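Text of the file query_12.csv, holding CSV, C-alpha atoms:
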```csv
chain,number,residue,atom,x,y,z
A,1,MET,CA,3.8,42.9,-7.7
A,2,ALA,CA,2.0,42.6,-4.4
A,3,ALA,CA,-1.8,42.6,-4.5
A,4,LYS,CA,-3.5,45.7,-3.2
A,5,LYS,CA,-4.8,45.4,0.3
A,6,LYS,CA,-8.6,45.5,0.5
A,7,VAL,CA,-10.3,47.9,3.0
A,8,LEU,CA,-14.0,47.8,3.8
A,9,ILE,CA,-15.5,51.1,5.1
A,10,ILE,CA,-18.8,50.9,6.9
A,11,ASP,CA,-20.5,54.2,7.8
A,12,ASP,CA,-24.1,55.5,7.4
A,13,ASP,CA,-22.9,58.7,5.8
A,14,PRO,CA,-22.2,58.3,2.1
A,15,ALA,CA,-20.1,61.5,2.2
A,16,ILE,CA,-17.7,59.9,4.7
A,17,CYS,CA,-17.6,56.6,2.8
A,18,GLU,CA,-16.8,58.4,-0.5
A,19,SER,CA,-14.2,60.7,0.9
A,20,VAL,CA,-12.4,57.9,2.9
A,21,GLN,CA,-12.5,55.8,-0.2
A,22,ALA,CA,-10.9,58.6,-2.2
A,23,ILE,CA,-8.1,58.9,0.3
A,24,LEU,CA,-7.4,55.2,0.6
A,25,ALA,CA,-7.5,54.7,-3.1
A,26,ALA,CA,-5.0,57.5,-3.6
A,27,ASN,CA,-2.8,55.6,-1.1
A,28,GLY,CA,-2.9,52.3,-3.0
A,29,TYR,CA,-5.7,50.5,-1.3
A,30,ASP,CA,-8.6,48.6,-2.9
A,31,THR,CA,-11.8,49.8,-1.2
A,32,ALA,CA,-15.5,49.1,-0.9
A,33,TYR,CA,-18.1,50.6,1.3
A,34,ALA,CA,-21.4,49.9,2.9
A,35,LEU,CA,-23.9,52.3,4.4
A,36,SER,CA,-25.3,50.1,7.2
A,37,GLY,CA,-24.1,47.5,9.6
A,38,LYS,CA,-26.2,44.9,7.9
A,39,ASP,CA,-24.9,45.7,4.4
A,40,GLY,CA,-21.4,45.9,5.9
A,41,LEU,CA,-21.6,42.4,7.2
A,42,ALA,CA,-22.8,41.2,3.8
A,43,SER,CA,-19.9,43.0,2.1
A,44,PHE,CA,-17.4,41.5,4.6
A,45,ARG,CA,-18.6,38.0,3.7
A,46,GLY,CA,-18.4,38.7,0.0
A,47,MET,CA,-15.1,40.6,-0.4
A,48,ASN,CA,-13.0,39.2,2.4
A,49,PRO,CA,-11.3,42.5,3.3
A,50,ASP,CA,-7.8,42.8,4.9
A,51,ILE,CA,-9.0,45.6,7.1
A,52,VAL,CA,-12.4,47.0,8.2
A,53,LEU,CA,-13.2,50.6,9.3
A,54,CYS,CA,-16.5,50.7,11.0
A,55,ASP,CA,-18.8,53.4,12.4
A,56,MET,CA,-20.5,52.7,15.7
A,57,MET,CA,-24.0,54.3,15.3
A,58,MET,CA,-25.8,53.3,12.2
A,59,GLU,CA,-29.2,51.6,11.9
A,60,ASP,CA,-28.8,50.8,15.6
A,61,ILE,CA,-27.0,52.9,18.1
A,62,ASP,CA,-24.6,50.0,18.8
A,63,ALA,CA,-24.6,48.6,15.2
A,64,GLY,CA,-20.8,48.8,15.1
A,65,VAL,CA,-20.4,46.5,18.1
A,66,LYS,CA,-22.8,43.9,16.5
A,67,VAL,CA,-20.9,44.0,13.3
A,68,ALA,CA,-17.5,43.8,14.9
A,69,LYS,CA,-18.5,40.9,17.1
A,70,SER,CA,-19.9,38.9,14.1
A,71,MET,CA,-16.8,39.6,12.0
A,72,LYS,CA,-14.5,38.5,14.9
A,73,GLU,CA,-16.4,35.3,15.2
A,74,GLU,CA,-16.3,34.6,11.5
A,75,ARG,CA,-12.7,35.7,10.8
A,76,PRO,CA,-10.9,36.5,14.0
A,77,GLY,CA,-7.7,37.6,12.1
A,78,THR,CA,-9.2,40.5,10.3
A,79,PRO,CA,-8.6,43.8,12.1
A,80,VAL,CA,-11.8,45.9,12.6
A,81,PHE,CA,-11.2,49.5,13.6
A,82,LEU,CA,-13.9,51.7,15.1
A,83,LEU,CA,-14.6,55.2,13.7
A,84,SER,CA,-16.0,57.1,16.6
A,85,THR,CA,-17.7,60.4,17.1
A,86,ILE,CA,-17.5,60.0,20.8
A,87,GLY,CA,-14.9,62.5,21.8
A,88,ASP,CA,-13.3,60.5,24.6
A,89,ALA,CA,-13.7,57.0,23.1
A,90,THR,CA,-10.4,55.3,23.8
A,91,VAL,CA,-9.2,51.8,24.2
A,92,ASP,CA,-9.6,52.2,28.0
A,93,THR,CA,-12.8,54.1,28.3
A,94,VAL,CA,-14.9,52.1,25.8
A,95,GLY,CA,-13.2,48.8,26.2
A,96,ILE,CA,-13.0,48.4,22.5
A,97,TYR,CA,-11.1,45.1,22.5
A,98,ASN,CA,-13.9,43.5,24.4
A,99,LEU,CA,-16.3,44.9,21.9
A,100,GLY,CA,-14.5,43.2,19.0
A,101,PHE,CA,-12.5,46.2,17.7
A,102,SER,CA,-8.8,46.3,17.0
A,103,GLY,CA,-8.4,50.0,17.6
A,104,VAL,CA,-10.3,53.3,17.5
A,105,PHE,CA,-10.0,56.4,15.3
A,106,GLN,CA,-11.8,59.6,16.4
A,107,LYS,CA,-13.8,61.5,13.9
A,108,PRO,CA,-12.7,63.8,12.3
A,109,VAL,CA,-10.1,61.2,11.4
A,110,ASP,CA,-6.4,61.9,11.4
A,111,PHE,CA,-5.5,60.3,8.1
A,112,ASP,CA,-1.7,60.5,8.6
A,113,LEU,CA,-2.3,58.3,11.7
A,114,LEU,CA,-4.9,56.0,10.1
A,115,LEU,CA,-2.7,55.4,7.0
A,116,SER,CA,0.3,54.7,9.2
A,117,VAL,CA,-1.7,52.2,11.4
A,118,ILE,CA,-3.3,50.3,8.5
A,119,ALA,CA,0.1,50.2,6.7
A,120,LYS,CA,1.7,48.6,9.8
A,121,GLN,CA,-1.3,46.3,10.1
A,122,SER,CA,-0.9,45.2,6.5
A,123,LYS,CA,2.7,44.4,7.0
A,124,THR,CA,2.1,42.2,10.1
A,125,GLU,CA,-0.4,40.0,8.3
B,1,MET,CA,-7.6,101.6,14.6
B,2,GLU,CA,-11.1,101.5,13.1
B,3,GLY,CA,-12.3,104.4,11.0
B,4,PRO,CA,-15.7,106.0,11.0
B,5,GLY,CA,-16.8,103.6,8.3
B,6,ALA,CA,-16.6,100.7,10.7
B,7,ASP,CA,-19.2,102.3,13.1
B,8,LEU,CA,-21.4,103.1,10.2
B,9,HIS,CA,-21.6,99.4,9.1
B,10,ALA,CA,-21.6,97.8,12.5
B,11,PRO,CA,-25.4,97.9,13.1
B,12,LEU,CA,-26.0,96.4,9.6
B,13,LEU,CA,-23.5,93.6,10.3
B,14,ARG,CA,-25.0,92.9,13.6
B,15,GLU,CA,-28.4,92.7,12.0
B,16,LYS,CA,-27.3,90.3,9.4
B,17,MET,CA,-25.4,88.1,11.8
B,18,SER,CA,-28.6,87.8,13.9
B,19,VAL,CA,-30.0,85.5,11.3
B,20,SER,CA,-29.9,82.0,12.7
B,21,PRO,CA,-30.0,78.7,10.8
B,22,VAL,CA,-32.7,77.4,13.1
B,23,GLY,CA,-35.2,80.0,11.8
B,24,ILE,CA,-34.4,79.0,8.3
B,25,PHE,CA,-34.7,75.3,9.1
B,26,LEU,CA,-38.1,75.8,10.7
B,27,SER,CA,-39.5,77.7,7.7
B,28,ALA,CA,-37.7,75.6,5.0
B,29,LYS,CA,-39.9,73.2,3.0
B,30,ASN,CA,-37.1,70.8,2.4
B,31,VAL,CA,-33.3,70.5,2.4
B,32,GLY,CA,-33.1,72.2,-1.0
B,33,SER,CA,-34.8,75.3,0.2
B,34,PHE,CA,-32.7,75.3,3.4
B,35,ARG,CA,-29.6,75.2,1.2
B,36,ARG,CA,-30.7,78.0,-1.0
B,37,SER,CA,-31.7,80.2,2.0
B,38,ILE,CA,-28.4,79.6,3.8
B,39,ARG,CA,-26.4,80.2,0.6
B,40,ALA,CA,-28.2,83.4,0.0
B,41,LEU,CA,-26.7,84.7,3.3
B,42,ASP,CA,-23.2,84.3,2.0
B,43,GLY,CA,-21.9,83.1,5.3
B,44,GLU,CA,-23.5,86.0,7.3
B,45,PHE,CA,-25.4,84.1,9.9
B,46,ASP,CA,-25.0,83.1,13.6
B,47,PHE,CA,-23.1,79.9,14.1
B,48,ASP,CA,-21.9,79.9,17.7
B,49,SER,CA,-22.6,76.9,19.9
B,50,ALA,CA,-26.0,78.3,20.9
B,51,ALA,CA,-27.0,78.6,17.3
B,52,MET,CA,-25.7,75.0,16.6
B,53,ILE,CA,-27.6,73.6,19.6
B,54,ALA,CA,-30.8,75.5,18.5
B,55,LEU,CA,-30.6,74.0,15.0
B,56,GLY,CA,-29.9,70.6,16.4
B,57,ALA,CA,-32.8,70.7,18.9
B,58,ALA,CA,-35.2,71.8,16.2
B,59,TYR,CA,-34.0,69.0,13.9
B,60,PHE,CA,-34.4,66.4,16.6
B,61,GLU,CA,-37.9,67.8,17.4
B,62,LYS,CA,-38.8,67.2,13.8
B,63,TYR,CA,-36.9,64.0,13.4
B,64,PRO,CA,-36.6,62.3,16.8
B,65,ASP,CA,-33.8,59.8,17.1
B,66,ARG,CA,-34.1,56.3,18.6
B,67,GLY,CA,-31.6,53.7,19.7
B,68,GLN,CA,-32.7,50.9,17.4
B,69,ASP,CA,-33.9,50.7,13.8
B,70,ARG,CA,-33.1,54.3,13.2
B,71,ASN,CA,-34.2,56.1,10.0
B,72,LEU,CA,-30.8,56.5,8.2
B,73,ASP,CA,-32.2,59.1,5.7
B,74,GLU,CA,-33.1,61.3,8.7
B,75,VAL,CA,-29.7,60.8,10.2
B,76,ARG,CA,-28.1,61.7,6.9
B,77,LEU,CA,-30.3,64.8,6.7
B,78,GLY,CA,-28.8,65.9,10.0
B,79,TYR,CA,-25.2,65.6,8.6
B,80,GLU,CA,-26.3,67.4,5.5
B,81,LEU,CA,-27.8,70.4,7.3
B,82,VAL,CA,-24.6,70.8,9.3
B,83,ARG,CA,-22.5,70.7,6.1
B,84,ILE,CA,-24.6,73.2,4.3
B,85,CYS,CA,-23.9,75.7,7.1
B,86,VAL,CA,-20.3,74.9,7.6
B,87,ILE,CA,-19.4,75.1,3.9
B,88,GLU,CA,-20.8,78.6,3.8
B,89,LYS,CA,-18.7,79.7,6.7
B,90,MET,CA,-15.6,78.0,5.2
B,91,ILE,CA,-15.8,79.8,1.9
B,92,ARG,CA,-17.0,83.1,3.3
B,93,GLY,CA,-13.5,84.8,3.0
B,94,LEU,CA,-12.8,83.5,-0.5
B,95,PRO,CA,-13.1,85.6,-3.7
B,96,ALA,CA,-16.7,85.4,-5.1
B,97,GLY,CA,-15.5,83.6,-8.3
B,98,ARG,CA,-14.1,80.7,-6.3
B,99,LYS,CA,-17.1,80.2,-4.0
B,100,GLU,CA,-19.2,78.2,-6.5
B,101,LEU,CA,-16.2,76.0,-7.3
B,102,TYR,CA,-15.6,75.2,-3.6
B,103,ARG,CA,-19.3,74.7,-3.0
B,104,ALA,CA,-19.3,72.0,-5.7
B,105,ALA,CA,-16.1,70.4,-4.4
B,106,LEU,CA,-17.2,70.4,-0.7
B,107,SER,CA,-20.8,69.5,-1.2
B,108,ASP,CA,-20.6,66.3,-3.2
B,109,ALA,CA,-18.1,63.7,-1.8
B,110,ALA,CA,-19.3,61.2,-4.5
B,111,ALA,CA,-17.9,63.5,-7.1
B,112,ILE,CA,-14.8,64.5,-5.1
B,113,GLY,CA,-12.4,63.3,-7.8
B,114,SER,CA,-13.9,65.2,-10.7
B,115,ALA,CA,-14.7,68.3,-8.5
B,116,VAL,CA,-11.1,68.5,-7.2
B,117,ASP,CA,-9.8,68.1,-10.8
B,118,GLY,CA,-12.1,70.9,-11.9
B,119,LEU,CA,-10.8,73.1,-9.1
B,120,TYR,CA,-7.3,72.2,-10.1
B,121,ARG,CA,-7.9,73.2,-13.7
B,122,SER,CA,-9.6,76.4,-12.7
B,123,ILE,CA,-7.3,77.8,-10.0
B,124,GLY,CA,-4.2,75.5,-10.2
B,125,ALA,CA,-2.1,73.9,-7.5
B,126,ASP,CA,-1.0,77.4,-6.3
B,127,GLY,CA,-4.6,78.5,-5.9
B,128,LEU,CA,-5.5,75.3,-4.0
B,129,ALA,CA,-2.5,75.7,-1.9
B,130,ALA,CA,-3.3,79.3,-1.1
B,131,ASP,CA,-6.9,78.6,-0.2
B,132,HIS,CA,-6.3,75.4,1.8
B,133,PRO,CA,-5.0,77.1,5.0
B,134,LEU,CA,-8.0,79.5,5.1
B,135,LEU,CA,-10.5,76.7,4.6
B,136,SER,CA,-8.7,74.6,7.3
B,137,ALA,CA,-8.5,77.4,9.8
B,138,VAL,CA,-12.2,78.1,9.5
B,139,LEU,CA,-13.1,74.5,9.9
B,140,GLU,CA,-10.8,74.2,12.9
B,141,ASN,CA,-12.6,77.2,14.5
B,142,ILE,CA,-15.9,75.6,13.8
B,143,LYS,CA,-14.7,72.3,15.3
B,144,ARG,CA,-13.7,74.2,18.5
B,145,THR,CA,-17.2,75.6,18.7
B,146,ILE,CA,-18.7,72.1,18.2
B,147,ASP,CA,-16.5,70.9,21.1
B,148,GLU,CA,-18.4,73.3,23.3
B,149,ILE,CA,-21.6,71.4,22.7
B,150,PRO,CA,-22.5,69.0,25.5
B,151,LYS,CA,-22.0,65.4,24.7
B,152,GLY,CA,-25.1,63.9,23.1
B,153,MET,CA,-26.9,63.4,19.8
B,154,ILE,CA,-26.7,67.0,18.7
B,155,LYS,CA,-22.9,66.9,19.0
B,156,GLU,CA,-22.9,63.6,17.2
B,157,ARG,CA,-24.6,65.1,14.1
B,158,PHE,CA,-22.2,68.1,14.1
B,159,VAL,CA,-19.0,66.0,14.5
B,160,GLY,CA,-20.3,63.5,11.9
B,161,GLY,CA,-21.2,66.4,9.5
B,162,VAL,CA,-17.8,68.1,9.6
B,163,THR,CA,-15.9,64.8,9.4
B,164,ALA,CA,-16.5,64.5,5.6
B,165,LEU,CA,-15.3,68.1,5.2
B,166,TYR,CA,-12.0,67.3,6.9
B,167,ASN,CA,-11.7,64.3,4.6
B,168,ILE,CA,-12.3,66.4,1.5
B,169,LEU,CA,-9.7,68.9,2.7
B,170,TYR,CA,-7.3,66.0,3.0
B,171,VAL,CA,-8.1,65.1,-0.6
B,172,PHE,CA,-7.2,68.7,-1.5
B,173,ARG,CA,-3.9,68.2,0.3
B,174,LEU,CA,-3.1,65.1,-1.7
B,175,LYS,CA,-3.9,67.0,-4.9
B,176,ILE,CA,-1.6,69.9,-3.9
B,177,ARG,CA,1.2,67.5,-3.2
B,178,SER,CA,0.7,65.5,-6.4
B,179,PRO,CA,2.9,66.3,-9.4
B,180,ALA,CA,1.3,68.5,-12.1
B,181,PRO,CA,-0.4,66.6,-14.9
```

Translate this file's structure into structure tokens.
Amino acid sequence: MAAKKKVLIIDDDPAICESVQAILAANGYDTAYALSGKDGLASFRGMNPDIVLCDMMMEDIDAGVKVAKSMKEERPGTPVFLLSTIGDATVDTVGIYNLGFSGVFQKPVDFDLLLSVIAKQSKTE
Amino acid sequence: MEGPGADLHAPLLREKMSVSPVGIFLSAKNVGSFRRSIRALDGEFDFDSAAMIALGAAYFEKYPDRGQDRNLDEVRLGYELVRICVIEKMIRGLPAGRKELYRAALSDAAAIGSAVDGLYRSIGADGLAADHPLLSAVLENIKRTIDEIPKGMIKERFVGGVTALYNILYVFRLKIRSPAP
């Protein structure tokens, strides 16, 4: 039996972390969450996740960028997806690849899409 | 066609709907008293984009945001204020007996598993399935109103606030689809 994929959720809102965790767990993922960029980076180093979902604005307005860049330097193969409240944040407008992210999901998140993307991502590893 | 009763009640409804969350926020001692006052209105308060912006402006006046080293407790308070208001609008059209169940399920994402199980035991999959479209429709309407708010930090708090509610409704959907225990 294949090991469950591990997803790390990083967001400053516990309600978002808990609810995303519930959805991912119901879909067969192992999950952990952190409530700040700093704690997220520590969790990343400790749990070695397969996928990271990361908010942009946390303790700093650009905390997500700092986190994603550090993660990409340490483990370039781990996909890090941005969870964005910026309505028109897209690959083109925000330049997320240059910021270290692998893709972007707008809040409120379309979970049918997110689950499909991370399932594909898991298969390509 | 509206009967004479509608005219009779219209002034009362207008008066009730002139209550705005910002006034309650400004007089509330803490988030608990804000929640109690909003809940006491049973969904009868203004919540158009002007009311949202007024609430957001008063919140940022009291808790100014900054780019670096932000106070995350104050940020979370912003999300919480939004959710308190939105939940009351979402459950406004539900039977009184179900409102408390949904308040519990929508208010505490940390207990979402047990809260949804409790809802499931109380109203069953059919009850959840019947209520879900109403809850979703109200939330979508509120999101459209949030979309009218100009881009900025007030909008960020509102989008962030409703995001967890969308997630919880998705958990409801999973429960509705799951086989009966």

Quick one: pull the distance between CA of Arg39 in chain B and CA of Phe158 in chain B, Å, one decimal.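 Taking CA of Arg39 in chain B and CA of Phe158 in chain B, their separation equals 18.6 Å.
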
Selection near Pro21 in chain B, 10 Å with only C-alpha atoms, sequence-local residues under 2 positions removed, as a PDB file with C-alpha atoms, in the frame of the given file:
```
ATOM      1  CA  SER B  18     -28.600  87.800  13.900  1.00  0.00           C
ATOM      2  CA  VAL B  19     -30.000  85.500  11.300  1.00  0.00           C
ATOM      3  CA  GLY B  23     -35.200  80.000  11.800  1.00  0.00           C
ATOM      4  CA  ILE B  24     -34.400  79.000   8.300  1.00  0.00           C
ATOM      5  CA  PHE B  25     -34.700  75.300   9.100  1.00  0.00           C
ATOM      6  CA  LEU B  26     -38.100  75.800  10.700  1.00  0.00           C
ATOM      7  CA  PHE B  34     -32.700  75.300   3.400  1.00  0.00           C
ATOM      8  CA  SER B  37     -31.700  80.200   2.000  1.00  0.00           C
ATOM      9  CA  ILE B  38     -28.400  79.600   3.800  1.00  0.00           C
ATOM     10  CA  PHE B  45     -25.400  84.100   9.900  1.00  0.00           C
ATOM     11  CA  ASP B  46     -25.000  83.100  13.600  1.00  0.00           C
ATOM     12  CA  PHE B  47     -23.100  79.900  14.100  1.00  0.00           C
ATOM     13  CA  ALA B  51     -27.000  78.600  17.300  1.00  0.00           C
ATOM     14  CA  MET B  52     -25.700  75.000  16.600  1.00  0.00           C
ATOM     15  CA  ALA B  54     -30.800  75.500  18.500  1.00  0.00           C
ATOM     16  CA  LEU B  55     -30.600  74.000  15.000  1.00  0.00           C
ATOM     17  CA  GLY B  56     -29.900  70.600  16.400  1.00  0.00           C
ATOM     18  CA  LEU B  81     -27.800  70.400   7.300  1.00  0.00           C
ATOM     19  CA  VAL B  82     -24.600  70.800   9.300  1.00  0.00           C
ATOM     20  CA  CYS B  85     -23.900  75.700   7.100  1.00  0.00           C
TER      21      CYS B  85
END
```

Could you tell me which residues of chain A sit within 12 Å of chain B when counting all atoms listed in the file, and give me the result as a ChimeraX atom specification? /A:11-27,35-38,55-63,83-89,105-112

Nearest to Glu73 in chain A among A:Met47, A:Gly103, A:Val7, A:Leu41, with distances taken over only C-alpha atoms: which residue is it?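 Closest to Glu73 in chain A of all the choices is A:Leu41.
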
Extract, using all atoms listed in the file, all DNA, RNA and protein residues at most 7 Å from Pro79 in chain A, discarding same-chain residues fewer than 5 positions from it, and format them as an MDAnalysis selection string. chainID A and resid 51:52 102

So how far away is CA of Gly95 in chain A from CA of Arg75 in chain A, in Å?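 Calculated distance between CA of Arg75 in chain A and CA of Gly95 in chain A is 20.2 Å.
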
In Å, how far is it from CA of Leu135 in chain B to CA of Arg177 in chain B?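 Computing the Euclidean distance for CA of Leu135 in chain B and CA of Arg177 in chain B yields 16.8 Å.
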
Check the smallest atom-to-atom distance from each of B:Phe60, B:Asp42, B:Asp48, B:Ser27 to Ile149 in chain B using all atoms listed in the file, then report the winner.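 Residue with the minimum atom-to-atom distance to Ile149 in chain B: B:Asp48.
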
So which residues touch Pro76 in chain A within 12 Å, counting only C-alpha atoms, skipping near sequence neighbours fewer than 6 positions away, as a PyMOL selection string? chain A and resi 50-51+68-70+100-102

So, with all atoms listed in the file as the atoms that count, which of A:Ile9, A:Val65, A:Leu114, A:Ala42 lies closest to Leu99 in chain A?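 The closest residue to Leu99 in chain A is A:Val65.
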